[in-house]
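These notes are about the structure you will find just below.
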Amino acid sequence: MIAKVNEKPLYSKTLLVLSFLTIVGILLLSFLSFYSAGDDYCYINDLKKNGVFNNALIGYTTWDGRFLTPAAFLQGFLLLRFKVEWIVFIWSCCFIISGFLIFYILKLELKIKNLSLGKSILLMFILAIIFWLGSLSHVSQTIYWATGGVYSFNLLIGSIWLLGFLKFQKEIVRPIFTFAFLLFSIIAGATTINLTIALLTLVLVTILIDFLSENNTKIKLNILMLISICLGLIVILFAPGNFVRANVINTSTSLDSSLFSNYLSVLLLYLKWFSVLFFLSFLGGIILSFLVNPETKISVNPVSFSIKTKQNCARVLINFKWLLVALSTITPFITLPTVASPRTVIYFMYFCLIYIVIRVFKALENDNINNKKNIVFSKNNISLLLISLLLIGSFLFIGYNFEKGTELKKAITARENLLKKSQNKTVVLKLIDPKLNSFCFRYADFDESNDWVKQSVEKYFKTKIIIVK
């Protein structure tokens, strides 16, 4: 649909400034970050010993195919060269930019045109804020964690690829750009399996839609993209380390459940982590619809499930394309469901947000030909109220994490300063109060069942630690 031009601004410049300040607040949280007691110190020790490239090769052959990817090389370089605050700031930028790109993905999918610059920027900010605020179940692992933040970098690669892919479906592109994008598709395929599976699903569904619609103009190109992504997937899928890791997990966990049961258990877990973003996604869809069509009446339109003809089948696939992409991110865990964790849900949540916003926007379209089934609501200032509430909630959430994060940062900094002064000595440490943890900042302290955590810290600071409670 084509948006109608409305010269009268729906929101004041103050609202735009507040949205911008919210984004700034999200980024500033990065400077309260710290090294985790486990993975960060362990990883840095290995990098100092082996170097970035050799450490990647060792990890690739002994633990995980993701060690030999652009994200892993960037992660290793940053951990060796930058302070933790700046590393996390980079991951935060990756996450926020991915949130910005949601707006442009939606703009292409919904064919939104003639939208003013002010509204475009506001929507870009709001959708990024919604994605961040709704991701409270995993931001401590995917953004504000020096090692885990690589998930946000992979998401950025995936979101850039998505935007490029959608543009290729709608525009004629010069061969040189096509070749460059095919090379980039290999890189996107070599990110992480649950993201790569989603990209493959999108291409396959698009090919099927084109086939059912008898639109053959892009099928050859999409097949080439499919092959390029598969080439990248091969790099991470057939790494020797994957089989080593699978054997370790298989010997420590029970895998008696069926594949369907495993899929369902992970799906239920994902839906739990997605619950906050689920409601915020509806909020985003309403805000987008009201901003794009501020002068029209809003009508609720039904979704067609008819598959009597090829065209109807194509229409159903178009309606549920992004849901299928989201659900596909779970498939890599059907054999090893215990590997699924809050940080792995990030891609599922990203695609679900896109799907829900699209469905809400289309449900509220007023130009549906089935007018007899429409329930009409009069237009009011609900969108203004919704954005105001969203920004108030975001400021409160950011403020809470600033307060808690500052306290936790002080406690960890005091411990690190003590360890630095205790080189080649024995130091007695108390566990950090877990009450200092917040949604954005969680410190996994020493655990008797994982002695390697304490050993990693001891090796890093060249000291001996005794824990007292």
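We label chains A, B, ... in the order they appear in the structure tokens, count residues from 1 in each chain, and number ligands from 1 in the order shown.
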Problem set entry | Which of segment 184-346 of chain A DSSP labels helix (DSSP H, G or I), written as a PyMOL selection string | chain A and resi 184-189+193-212+219-237+240-252+259-292+310-328+331-333+337-339+342-346
For this session: Can you work out which one of A:Ile330, A:Val150, A:Ile318, A:Val345 has the shortest atom-to-atom distance to Leu79 of chain A, counting only C-alpha atoms?
Result: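 With only C-alpha atoms as the atom set, the closest residue is A:Val150.
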Exercise. By how many Å are atom CA of Leu28 of chain A and atom CA of Leu288 of chain A apart?
Worked result: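 Value for the atom CA of Leu28 of chain A-atom CA of Leu288 of chain A distance: 26.9 Å.
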Exercise. For Leu101 of chain A, which residue out of A:Ile354, A:Ile160, A:Ile126, A:Ala340 is the nearest one, using only C-alpha atoms?
Worked result: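 Selected residue with least distance to Leu101 of chain A: A:Ile160.
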Exercise. Quick one: of A:Leu221, A:Ile102, A:Ile392, A:Val457, who's nearest to Arg415 of chain A, counting only C-alpha atoms?
Worked result: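 Closest to Arg415 of chain A of all the choices is A:Val457.
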Problem set entry | Exercise: segment 333-337 of chain A partners within 9 Å, only C-alpha atoms, chain neighbours under 3 positions left out, as a ChimeraX atom specification | /A:194,246,249-250,255,258-266,329-330,340
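Closest approach to Val453 of chain A among A:Asn242, A:Ser422, A:Ile172, A:Ile465 is made by A:Ile465 (distances from only C-alpha atoms).
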Exercise. Taking into account only C-alpha atoms, which residue in the set A:Tyr151, A:Phe397, A:Gly284, A:Leu29 is nearest to His138 of chain A?
Worked result: A:Tyr151
For this session: Write out as a PyMOL selection string each polymer residue whose atoms come within 12 Å of Asn222 of chain A, counting only C-alpha atoms; drop sequence neighbours fewer than 4 positions from it.
Result: chain A and resi 165-166+168-169+178+181-182+185+199-211+216-218+226-229
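Taking only C-alpha atoms, the non-local environment of segment 41-49 of chain A within 8 Å (same-chain residues fewer than 5 positions away omitted) comprises Tyr35, Ser36, Asn55, Gly76, Leu79, Leu80, Val453, Ser456, Val457, Lys459 and Tyr460 of chain A.
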For this session: Calculate how many Å separate atom CA of Ala414 of chain A from atom CA of Asp451 of chain A, rounding to one decimal.
Result: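 Pair atom CA of Ala414 of chain A / atom CA of Asp451 of chain A returns 22.0 Å.
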For this session: Could you tell me which of A:Phe67, A:Phe274, A:Tyr347, A:Phe320 comes closest to Gly99 of chain A if we count only C-alpha atoms?
Result: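 Counting only C-alpha atoms, the residue closest to Gly99 of chain A is A:Tyr347.
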Exercise. Quick one: residues within 9 Å of Ile432 of chain A, only C-alpha atoms counted, chain neighbours fewer than 2 positions away excluded, as a ChimeraX atom specification?
Worked result: /A:408,411-412,429-430,434-436,443,445
Exercise. Just how far from atom CA of Val276 of chain A is atom CA of Cys93 of chain A, in Å to one decimal?
Worked result: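 Pair atom CA of Cys93 of chain A / atom CA of Val276 of chain A returns 22.0 Å.
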